[in-house]
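What follows is the content of entry.pdb, which has PDB, C-alpha atoms:
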ATOM      1  CA  MET A   1       0.980 -17.219  20.909
ATOM      2  CA  ALA A   2      -1.000 -20.460  20.818
ATOM      3  CA  ALA A   3      -1.614 -20.121  24.581
ATOM      4  CA  THR A   4      -2.862 -16.559  24.069
ATOM      5  CA  VAL A   5      -5.240 -17.658  21.329
ATOM      6  CA  LEU A   6      -6.613 -20.490  23.477
ATOM      7  CA  ALA A   7      -7.111 -18.080  26.364
ATOM      8  CA  ILE A   8      -8.958 -15.668  24.037
ATOM      9  CA  ILE A   9     -11.264 -18.483  22.904
ATOM     10  CA  LEU A  10     -11.990 -19.787  26.400
ATOM     11  CA  GLN A  11     -12.355 -16.413  28.120
ATOM     12  CA  ARG A  12     -15.902 -15.163  28.657
ATOM     13  CA  ASN A  13     -14.951 -11.733  29.997
ATOM     14  CA  LEU A  14     -14.515  -9.463  26.998
ATOM     15  CA  TYR A  15     -12.149  -7.069  28.783
ATOM     16  CA  SER A  16      -9.644  -9.878  29.235
ATOM     17  CA  VAL A  17     -10.173 -10.870  25.610
ATOM     18  CA  VAL A  18      -9.276  -7.347  24.454
ATOM     19  CA  VAL A  19      -6.160  -7.236  26.616
ATOM     20  CA  LEU A  20      -5.128 -10.715  25.456
ATOM     21  CA  ALA A  21      -5.599  -9.618  21.851
ATOM     22  CA  GLY A  22      -3.183  -6.784  22.575
ATOM     23  CA  VAL A  23      -0.712  -9.304  24.003
ATOM     24  CA  TYR A  24      -1.149 -11.398  20.860
ATOM     25  CA  SER A  25      -0.376  -8.347  18.708
ATOM     26  CA  PHE A  26       2.837  -7.680  20.613
ATOM     27  CA  LEU A  27       3.901 -11.315  20.218
ATOM     28  CA  MET A  28       3.094 -11.067  16.512
ATOM     29  CA  ALA A  29       5.238  -7.919  16.331
ATOM     30  CA  THR A  30       8.189  -9.774  17.848
ATOM     31  CA  VAL A  31       7.738 -12.538  15.286
ATOM     32  CA  LEU A  32       7.794  -9.915  12.517
ATOM     33  CA  VAL A  33      10.975  -8.395  13.958
ATOM     34  CA  ALA A  34      12.518 -11.865  13.932
ATOM     35  CA  LEU A  35      11.531 -12.082  10.245
ATOM     36  CA  ASP A  36      13.356  -8.754   9.614
ATOM     37  CA  ALA A  37      10.107  -6.967   8.747
ATOM     38  CA  VAL A  38      10.638  -4.051  11.140
ATOM     39  CA  ASP A  39       8.247  -1.683   9.376
ATOM     40  CA  VAL A  40       5.406  -4.174   9.573
ATOM     41  CA  ALA A  41       6.267  -4.984  13.185
ATOM     42  CA  MET A  42       6.024  -1.306  14.064
ATOM     43  CA  THR A  43       2.607  -1.055  12.435
ATOM     44  CA  GLU A  44       1.424  -4.202  14.186
ATOM     45  CA  ALA A  45       2.562  -2.956  17.581
ATOM     46  CA  SER A  46       1.084   0.520  17.212
ATOM     47  CA  VAL A  47      -2.171  -0.346  15.450
ATOM     48  CA  GLY A  48      -2.850  -3.879  16.648
ATOM     49  CA  ALA A  49      -1.792  -3.479  20.239
ATOM     50  CA  GLY A  50      -2.348   0.252  20.677
ATOM     51  CA  ILE A  51      -5.146   1.871  18.730
ATOM     52  CA  SER A  52      -7.404  -1.134  18.196
ATOM     53  CA  THR A  53      -7.193  -2.085  21.877
ATOM     54  CA  VAL A  54      -8.303   1.407  22.840
ATOM     55  CA  LEU A  55     -11.115   1.378  20.265
ATOM     56  CA  LEU A  56     -12.316  -2.044  21.417
ATOM     57  CA  LEU A  57     -12.281  -0.896  25.033
ATOM     58  CA  GLY A  58     -14.344   2.116  23.977
ATOM     59  CA  ALA A  59     -16.808  -0.204  22.253
ATOM     60  CA  LEU A  60     -16.981  -2.418  25.356
ATOM     61  CA  HIS A  61     -17.702   0.644  27.456
ATOM     62  CA  LEU A  62     -20.792   1.125  25.307
ATOM     63  CA  CYS A  63     -22.058  -2.455  25.176
ATOM     64  CA  GLY A  64     -20.957  -4.176  28.376
ATOM     65  CA  GLY A  65     -18.136  -6.577  29.107
ATOM     66  CA  GLU A  66     -19.670 -10.040  29.482
ATOM     67  CA  GLU A  67     -20.158 -12.343  26.569
ATOM     68  CA  ALA A  68     -23.672 -13.810  26.431
ATOM     69  CA  LYS A  69     -24.071 -17.557  26.470
ATOM     70  CA  PRO A  70     -24.514 -18.828  22.913
ATOM     71  CA  ILE A  71     -28.059 -19.974  22.246
ATOM     72  CA  HIS A  72     -27.174 -22.818  19.922
ATOM     73  CA  ARG A  73     -24.359 -25.296  19.484
ATOM     74  CA  PRO A  74     -21.355 -23.945  17.570
ATOM     75  CA  TRP A  75     -20.914 -26.995  15.302
ATOM     76  CA  LEU A  76     -21.790 -25.346  11.977
ATOM     77  CA  PRO A  77     -19.523 -22.276  12.488
ATOM     78  CA  LEU A  78     -16.784 -24.610  13.727
ATOM     79  CA  ALA A  79     -17.100 -26.749  10.601
ATOM     80  CA  VAL A  80     -17.000 -23.656   8.376
ATOM     81  CA  SER A  81     -13.884 -22.300  10.099
ATOM     82  CA  LEU A  82     -12.133 -25.652   9.916
ATOM     83  CA  ALA A  83     -12.981 -25.914   6.201
ATOM     84  CA  VAL A  84     -11.542 -22.421   5.598
ATOM     85  CA  VAL A  85      -8.398 -23.307   7.569
ATOM     86  CA  ALA A  86      -8.005 -26.499   5.536
ATOM     87  CA  ALA A  87      -8.431 -24.546   2.287
ATOM     88  CA  LEU A  88      -5.850 -21.954   3.382
ATOM     89  CA  ILE A  89      -3.335 -24.640   4.384
ATOM     90  CA  TYR A  90      -3.944 -26.360   1.051
ATOM     91  CA  GLY A  91      -3.246 -22.988  -0.591
ATOM     92  CA  THR A  92       0.090 -22.605   1.211
ATOM     93  CA  LEU A  93       1.228 -25.887  -0.346
ATOM     94  CA  GLY A  94       1.317 -24.074  -3.690
ATOM     95  CA  LEU A  95       3.621 -21.328  -2.365
ATOM     96  CA  PRO A  96       7.365 -21.547  -2.942
ATOM     97  CA  ALA A  97       9.484 -22.709  -0.033
ATOM     98  CA  PHE A  98      10.283 -20.086   2.634
ATOM     99  CA  SER A  99      13.110 -17.748   1.492
ATOM    100  CA  ASP A 100      13.659 -19.693  -1.713
ATOM    101  CA  PRO A 101      15.849 -17.365  -3.834
ATOM    102  CA  GLN A 102      14.564 -18.873  -7.089
ATOM    103  CA  SER A 103      10.861 -18.227  -6.374
ATOM    104  CA  ALA A 104       8.853 -15.956  -8.651
ATOM    105  CA  PRO A 105       8.725 -12.798  -6.483
ATOM    106  CA  HIS A 106      12.464 -12.941  -5.860
ATOM    107  CA  THR A 107      13.349 -13.153  -9.532
ATOM    108  CA  HIS A 108      10.864 -10.656 -10.983
ATOM    109  CA  VAL A 109      11.026  -7.054  -9.700
ATOM    110  CA  VAL A 110      12.662  -7.461  -6.302
ATOM    111  CA  PRO A 111      16.253  -7.597  -7.617
ATOM    112  CA  ARG A 112      15.633  -4.403  -9.563
ATOM    113  CA  TYR A 113      14.192  -2.614  -6.531
ATOM    114  CA  LEU A 114      17.068  -3.783  -4.354
ATOM    115  CA  LYS A 115      19.838  -2.952  -6.854
ATOM    116  CA  GLN A 116      18.576   0.289  -8.361
ATOM    117  CA  GLY A 117      16.239   1.582  -5.662
ATOM    118  CA  PRO A 118      18.895   3.362  -3.608
ATOM    119  CA  GLN A 119      20.445   5.007  -6.698
ATOM    120  CA  GLU A 120      17.154   5.972  -8.338
ATOM    121  CA  THR A 121      15.432   7.351  -5.259
ATOM    122  CA  GLY A 122      18.323   8.261  -2.973
ATOM    123  CA  VAL A 123      16.492   6.560  -0.102
ATOM    124  CA  PRO A 124      18.456   3.901   1.775
ATOM    125  CA  ASN A 125      15.383   2.207   3.273
ATOM    126  CA  VAL A 126      14.086   0.106   0.379
ATOM    127  CA  VAL A 127      10.732  -0.408   2.076
ATOM    128  CA  THR A 128      10.069   3.328   2.008
ATOM    129  CA  ALA A 129      11.289   3.592  -1.574
ATOM    130  CA  VAL A 130       8.986   0.802  -2.760
ATOM    131  CA  LEU A 131       6.008   2.037  -0.742
ATOM    132  CA  ALA A 132       6.151   5.693  -1.627
ATOM    133  CA  SER A 133       7.751   5.676  -5.051
ATOM    134  CA  TYR A 134       7.524   2.455  -7.053
ATOM    135  CA  ARG A 135       4.181   1.520  -5.559
ATOM    136  CA  GLY A 136       2.926   5.068  -5.163
ATOM    137  CA  TYR A 137      -0.446   4.223  -6.661
ATOM    138  CA  ASP A 138      -0.999   1.445  -4.126
ATOM    139  CA  THR A 139      -0.106   3.721  -1.245
ATOM    140  CA  LEU A 140      -2.416   6.373  -2.659
ATOM    141  CA  GLY A 141      -5.164   3.753  -2.645
ATOM    142  CA  GLU A 142      -4.306   2.859   0.940
ATOM    143  CA  THR A 143      -4.505   6.478   2.020
ATOM    144  CA  MET A 144      -7.871   6.767   0.311
ATOM    145  CA  VAL A 145      -9.047   3.638   2.130
ATOM    146  CA  VAL A 146      -8.079   5.168   5.478
ATOM    147  CA  PHE A 147      -9.797   8.411   4.515
ATOM    148  CA  THR A 148     -12.934   6.555   3.401
ATOM    149  CA  ALA A 149     -12.965   4.605   6.657
ATOM    150  CA  GLY A 150     -12.893   7.885   8.555
ATOM    151  CA  ILE A 151     -15.738   9.289   6.491
ATOM    152  CA  GLY A 152     -17.718   6.094   7.009
ATOM    153  CA  VAL A 153     -17.333   6.247  10.781
ATOM    154  CA  ILE A 154     -18.327   9.902  10.788
ATOM    155  CA  ALA A 155     -21.367   9.184   8.630
ATOM    156  CA  LEU A 156     -22.456   6.305  10.851
ATOM    157  CA  LEU A 157     -21.814   7.692  14.298
ATOM    158  CA  ARG A 158     -22.333  11.418  14.086
ATOM    159  CA  ARG A 159     -25.646  12.458  15.505
ATOM    160  CA  VAL A 160     -26.686  15.803  14.145
ATOM    161  CA  ARG A 161     -29.116  17.533  16.410
ATOM    162  CA  ARG A 162     -32.031  18.982  14.499
ATOM    163  CA  ARG A 163     -33.013  22.441  15.490
ATOM    164  CA  LYS A 164     -36.655  21.721  16.297
ATOM    165  CA  GLU A 165     -35.897  18.572  18.270
ATOM    166  CA  PRO A 166     -36.438  19.113  21.981
ATOM    167  CA  GLU A 167     -33.530  18.687  24.403
ATOM    168  CA  ARG A 168     -33.034  15.116  25.536
TER     169      ARG A 168
ATOM    170  CA  MET B   1      -9.268   8.992  36.114
ATOM    171  CA  ARG B   2      -8.508  12.698  36.182
ATOM    172  CA  ARG B   3      -7.388  12.651  39.814
ATOM    173  CA  GLU B   4      -4.722   9.969  39.401
ATOM    174  CA  PRO B   5      -1.406  11.712  40.169
ATOM    175  CA  VAL B   6       0.780   8.869  38.868
ATOM    176  CA  LEU B   7      -0.981   8.790  35.517
ATOM    177  CA  ARG B   8      -0.895  12.548  35.181
ATOM    178  CA  VAL B   9       2.822  12.776  35.876
ATOM    179  CA  VAL B  10       3.750   9.818  33.677
ATOM    180  CA  GLY B  11       1.492  11.135  30.949
ATOM    181  CA  LYS B  12       3.048  14.581  31.061
ATOM    182  CA  LEU B  13       6.484  12.994  30.845
ATOM    183  CA  LEU B  14       5.658  10.575  28.051
ATOM    184  CA  ILE B  15       3.346  12.469  25.722
ATOM    185  CA  PRO B  16       5.911  15.021  24.435
ATOM    186  CA  TYR B  17       8.384  12.250  23.755
ATOM    187  CA  THR B  18       5.721  10.181  22.011
ATOM    188  CA  LEU B  19       5.003  13.096  19.706
ATOM    189  CA  LEU B  20       8.726  13.622  19.162
ATOM    190  CA  PHE B  21       9.114   9.924  18.405
ATOM    191  CA  ALA B  22       6.329  10.213  15.832
ATOM    192  CA  LEU B  23       8.263  12.983  14.097
ATOM    193  CA  TYR B  24      11.449  10.895  14.264
ATOM    194  CA  VAL B  25       9.672   7.906  12.740
ATOM    195  CA  GLN B  26       8.263  10.184  10.052
ATOM    196  CA  PHE B  27      11.418  11.951   8.973
ATOM    197  CA  HIS B  28      13.824   9.114   9.639
ATOM    198  CA  GLY B  29      11.656   6.745   7.604
ATOM    199  CA  ASP B  30      14.004   7.178   4.658
ATOM    200  CA  PHE B  31      16.880   5.681   6.602
ATOM    201  CA  GLY B  32      15.358   3.390   9.176
ATOM    202  CA  PRO B  33      12.079   1.605   9.710
ATOM    203  CA  GLY B  34       8.997   3.737   9.746
ATOM    204  CA  GLY B  35       7.117   6.129   7.575
ATOM    205  CA  GLY B  36       3.937   8.113   7.351
ATOM    206  CA  PHE B  37       1.529   5.421   8.467
ATOM    207  CA  GLN B  38       3.415   4.429  11.582
ATOM    208  CA  ALA B  39       4.164   8.040  12.490
ATOM    209  CA  GLY B  40       0.506   8.992  12.076
ATOM    210  CA  VAL B  41      -0.623   6.199  14.345
ATOM    211  CA  ILE B  42       1.986   7.098  16.977
ATOM    212  CA  ALA B  43       1.000  10.769  16.928
ATOM    213  CA  ALA B  44      -2.676   9.852  17.202
ATOM    214  CA  SER B  45      -1.950   7.482  20.065
ATOM    215  CA  ALA B  46      -0.178  10.280  21.947
ATOM    216  CA  ILE B  47      -3.344  12.377  21.754
ATOM    217  CA  ILE B  48      -5.474   9.352  22.670
ATOM    218  CA  PHE B  49      -3.224   8.829  25.712
ATOM    219  CA  TYR B  50      -3.841  12.438  26.653
ATOM    220  CA  ALA B  51      -7.589  11.916  26.259
ATOM    221  CA  LEU B  52      -7.515   8.792  28.426
ATOM    222  CA  ILE B  53      -5.741  10.583  31.254
ATOM    223  CA  PHE B  54      -7.166  14.080  31.148
ATOM    224  CA  GLY B  55     -10.581  13.267  29.737
ATOM    225  CA  LEU B  56     -12.074  13.530  26.296
ATOM    226  CA  PRO B  57     -13.235  17.177  26.571
ATOM    227  CA  ALA B  58      -9.663  18.282  27.322
ATOM    228  CA  ALA B  59      -8.362  16.422  24.277
ATOM    229  CA  ARG B  60     -11.115  17.927  22.170
ATOM    230  CA  ARG B  61     -10.075  21.379  23.310
ATOM    231  CA  LEU B  62      -6.461  20.574  22.451
ATOM    232  CA  VAL B  63      -7.230  19.116  19.011
ATOM    233  CA  PRO B  64     -10.741  20.201  18.005
ATOM    234  CA  ASP B  65     -12.951  18.078  15.792
ATOM    235  CA  ALA B  66     -12.757  20.531  12.927
ATOM    236  CA  VAL B  67      -8.954  20.267  12.881
ATOM    237  CA  VAL B  68      -9.087  16.475  12.962
ATOM    238  CA  GLU B  69     -11.578  16.248  10.113
ATOM    239  CA  THR B  70      -9.633  18.753   8.052
ATOM    240  CA  MET B  71      -6.470  16.732   8.609
ATOM    241  CA  GLY B  72      -8.124  13.580   7.292
ATOM    242  CA  ALA B  73      -9.048  15.278   4.040
ATOM    243  CA  LEU B  74      -5.935  17.445   3.798
ATOM    244  CA  GLY B  75      -3.542  14.492   3.847
ATOM    245  CA  ALA B  76      -5.351  12.817   0.978
ATOM    246  CA  LEU B  77      -5.253  16.123  -0.900
ATOM    247  CA  ILE B  78      -1.493  16.493  -0.304
ATOM    248  CA  TYR B  79      -0.926  13.014  -1.706
ATOM    249  CA  LEU B  80      -3.099  13.755  -4.739
ATOM    250  CA  GLY B  81      -1.412  17.138  -5.086
ATOM    251  CA  VAL B  82       1.983  15.459  -5.413
ATOM    252  CA  GLY B  83       0.505  13.286  -8.135
ATOM    253  CA  PHE B  84      -0.894  16.267 -10.005
ATOM    254  CA  ALA B  85       2.310  18.244  -9.497
ATOM    255  CA  GLY B  86       4.048  15.477 -11.441
ATOM    256  CA  LEU B  87       1.427  15.865 -14.170
ATOM    257  CA  ALA B  88       1.770  19.652 -14.228
ATOM    258  CA  LEU B  89       5.534  19.472 -14.575
ATOM    259  CA  GLY B  90       5.256  17.263 -17.626
ATOM    260  CA  GLY B  91       5.578  13.791 -16.174
ATOM    261  CA  ASN B  92       3.090  11.064 -15.384
ATOM    262  CA  PHE B  93       0.731  10.999 -12.417
ATOM    263  CA  LEU B  94       2.813  10.442  -9.258
ATOM    264  CA  ASP B  95       5.998  10.790 -11.303
ATOM    265  CA  TYR B  96       8.594  12.157  -8.882
ATOM    266  CA  PHE B  97      11.496  12.423 -11.319
ATOM    267  CA  VAL B  98      10.219  15.716 -12.694
ATOM    268  CA  LEU B  99       9.744  17.401  -9.310
ATOM    269  CA  ASP B 100      13.316  18.659  -9.273
ATOM    270  CA  ALA B 101      16.076  19.285 -11.786
ATOM    271  CA  ASP B 102      17.963  16.389 -10.274
ATOM    272  CA  PRO B 103      15.852  13.198 -10.607
ATOM    273  CA  VAL B 104      17.107  11.746  -7.320
ATOM    274  CA  ALA B 105      16.305  14.973  -5.461
ATOM    275  CA  GLY B 106      12.906  14.901  -7.154
ATOM    276  CA  GLN B 107      12.306  11.393  -5.879
ATOM    277  CA  HIS B 108      13.301  12.534  -2.417
ATOM    278  CA  ARG B 109      10.933  15.463  -2.544
ATOM    279  CA  GLY B 110       8.058  13.348  -3.845
ATOM    280  CA  ILE B 111       8.513  10.676  -1.190
ATOM    281  CA  PHE B 112       8.779  13.343   1.511
ATOM    282  CA  TRP B 113       5.480  14.995   0.613
ATOM    283  CA  VAL B 114       3.678  11.734   0.014
ATOM    284  CA  GLU B 115       4.705  10.532   3.459
ATOM    285  CA  ILE B 116       3.525  13.827   4.956
ATOM    286  CA  GLY B 117       0.157  13.259   3.293
ATOM    287  CA  VAL B 118      -0.082   9.749   4.709
ATOM    288  CA  LEU B 119       0.893  11.015   8.175
ATOM    289  CA  VAL B 120      -1.727  13.752   8.209
ATOM    290  CA  THR B 121      -4.527  11.527   6.930
ATOM    291  CA  VAL B 122      -3.772   8.618   9.234
ATOM    292  CA  ALA B 123      -3.387  10.770  12.345
ATOM    293  CA  GLY B 124      -6.577  12.683  11.585
ATOM    294  CA  VAL B 125      -8.700   9.651  10.788
ATOM    295  CA  MET B 126      -7.471   7.615  13.764
ATOM    296  CA  LEU B 127      -8.197  10.488  16.127
ATOM    297  CA  LYS B 128     -11.588  11.084  14.571
ATOM    298  CA  ILE B 129     -12.561   7.425  14.938
ATOM    299  CA  PHE B 130     -11.423   7.508  18.557
ATOM    300  CA  TYR B 131     -13.396  10.677  19.229
ATOM    301  CA  MET B 132     -16.515   9.198  17.667
ATOM    302  CA  PHE B 133     -16.290   5.980  19.671
ATOM    303  CA  ALA B 134     -15.266   7.539  22.949
ATOM    304  CA  GLY B 135     -17.712  10.415  22.719
ATOM    305  CA  ARG B 136     -20.680   8.177  22.034
ATOM    306  CA  GLY B 137     -22.870   7.631  25.022
ATOM    307  CA  HIS B 138     -21.787  10.849  26.680
ATOM    308  CA  GLY B 139     -23.716  13.124  24.341
ATOM    309  CA  LEU B 140     -20.485  14.905  23.436
ATOM    310  CA  ASP B 141     -20.539  14.304  19.708
ATOM    311  CA  GLU B 142     -23.816  16.070  19.075
ATOM    312  CA  ARG B 143     -22.561  18.718  16.831
TER     313      ARG B 143
END
Turn this file's structure into structure tokens for me.
Amino acid sequence: MAATVLAIILQRNLYSVVVLAGVYSFLMATVLVALDAVDVAMTEASVGAGISTVLLLGALHLCGGEEAKPIHRPWLPLAVSLAVVAALIYGTLGLPAFSDPQSAPHTHVVPRYLKQGPQETGVPNVVTAVLASYRGYDTLGETMVVFTAGIGVIALLRRVRRRKEPER
Amino acid sequence: MRREPVLRVVGKLLIPYTLLFALYVQFHGDFGPGGGFQAGVIAASAIIFYALIFGLPAARRLVPDAVVETMGALGALIYLGVGFAGLALGGNFLDYFVLDADPVAGQHRGIFWVEIGVLVTVAGVMLKIFYMFAGRGHGLDER
């Protein structure tokens, strides 16, 4: 994955960057499978590697495939990104250790979902039960976000031809 | 790309199974990994595959813009409808226990319809975004 990211950074041809990003998504999906998050891995593979690659290729078709040479030195953006990375790493220090059974999320609602979810909902896949039932409001919000994104794209990209406008 | 025999044959072989796999992911989501979102994306990608091989106009004839836009809104309405059905039957918003005499069956029914809503919205919106991007520059989206 690190090699893919380096190649993405160093590559000037945007077509290769898009394809490498797809490769990165597939690698990420395998990592998620290794972490037992199969649902998320599926989403990553289909959205990250599939749909977004196609959409980015469509965008490249419109705007050309070579990255322009930057006009100024990238020191300020580099410093900003490094500062953000440092802040994020500092933030992870406050998280509980990986798979610590005593951490807050594992002692609060998760045991209840895991123990009573299958009986209460009759759905063996706890991820589905939590997504669609216990966290139904959140999923409703997600659906609305997707819907709003669609409306936004339509509003931005649709070109309505006015009747009096001459043919182009 | 329309003249490529290999792509056409492989596409014709794969697209039905991709759609079938989307349905499997949708309705098997209760038991295995998957659910509405993933199934919607897979179904949309099958149509996008079709558009890449056979051209955008062919895909637009197969799944017209009006259908795609309606799907985007319809899925959200199905989801909201499940919520209001819970209200109408005397429960809270998005309360699935009241959807059936048996609470567990009610949960099942609620989850089923909610996932259908997610599937329809996601598939519609993904396809619409693809149509908008791919059709731009060809003068096809002037409607």
Notebook entry, point to check: What do you get, as JSON, numbers by chain, if you spell out every residue that the ChimeraX specification (/B :<7) & /A selects here?
Noted result: {"A": [38, 39, 42, 43, 46, 47, 51, 55, 58, 59, 62, 120, 121, 122, 123, 124, 125, 128, 132, 133, 136, 140, 143, 144, 146, 147, 150, 153, 157, 158, 159, 160, 161]}
Which residues are near Asn13 in chain A? Cut-off 12 Å, only C-alpha atoms, ignore same chain within fewer than 2 positions. Put them as an mmCIF file with C-alpha atoms, in the coordinates of the input.
data_model
loop_
_atom_site.group_PDB
_atom_site.id
_atom_site.type_symbol
_atom_site.label_atom_id
_atom_site.label_comp_id
_atom_site.auth_asym_id
_atom_site.auth_seq_id
_atom_site.Cartn_x
_atom_site.Cartn_y
_atom_site.Cartn_z
ATOM 1 C CA ALA A 7 -7.111 -18.080 26.364
ATOM 2 C CA ILE A 8 -8.958 -15.668 24.037
ATOM 3 C CA ILE A 9 -11.264 -18.483 22.904
ATOM 4 C CA LEU A 10 -11.990 -19.787 26.400
ATOM 5 C CA GLN A 11 -12.355 -16.413 28.120
ATOM 6 C CA TYR A 15 -12.149 -7.069 28.783
ATOM 7 C CA SER A 16 -9.644 -9.878 29.235
ATOM 8 C CA VAL A 17 -10.173 -10.870 25.610
ATOM 9 C CA VAL A 18 -9.276 -7.347 24.454
ATOM 10 C CA VAL A 19 -6.160 -7.236 26.616
ATOM 11 C CA LEU A 20 -5.128 -10.715 25.456
ATOM 12 C CA LEU A 60 -16.981 -2.418 25.356
ATOM 13 C CA GLY A 64 -20.957 -4.176 28.376
ATOM 14 C CA GLY A 65 -18.136 -6.577 29.107
ATOM 15 C CA GLU A 66 -19.670 -10.040 29.482
ATOM 16 C CA GLU A 67 -20.158 -12.343 26.569
ATOM 17 C CA ALA A 68 -23.672 -13.810 26.431
ATOM 18 C CA LYS A 69 -24.071 -17.557 26.470
#
Return as lines of an AutoDock Vina configuration file the centre and edge lengths, in Å with one decimal, of the box along x, y and z that encloses every atom of range 126-138 of chain B in the file, padded by 6 Å per side.
center_x = -15.2
center_y = 8.5
center_z = 20.2
size_x = 27.4
size_y = 17.1
size_z = 24.9
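Distance-wise, CA of Ser52 in chain A and CA of Ala2 in chain A end up 20.5 Å apart.
Compared by their closest atoms to Val6 in chain B, and using only C-alpha atoms, the residues B:Ala85, B:Ala58, B:Ile53, B:Leu23 rank with B:Ile53 nearest.
Here CA of Thr92 in chain A and CA of Leu27 in chain A stand 22.4 Å from one another.
When CA of Arg61 in chain B is paired with CA of Gly11 in chain B, their separation reads 17.2 Å.
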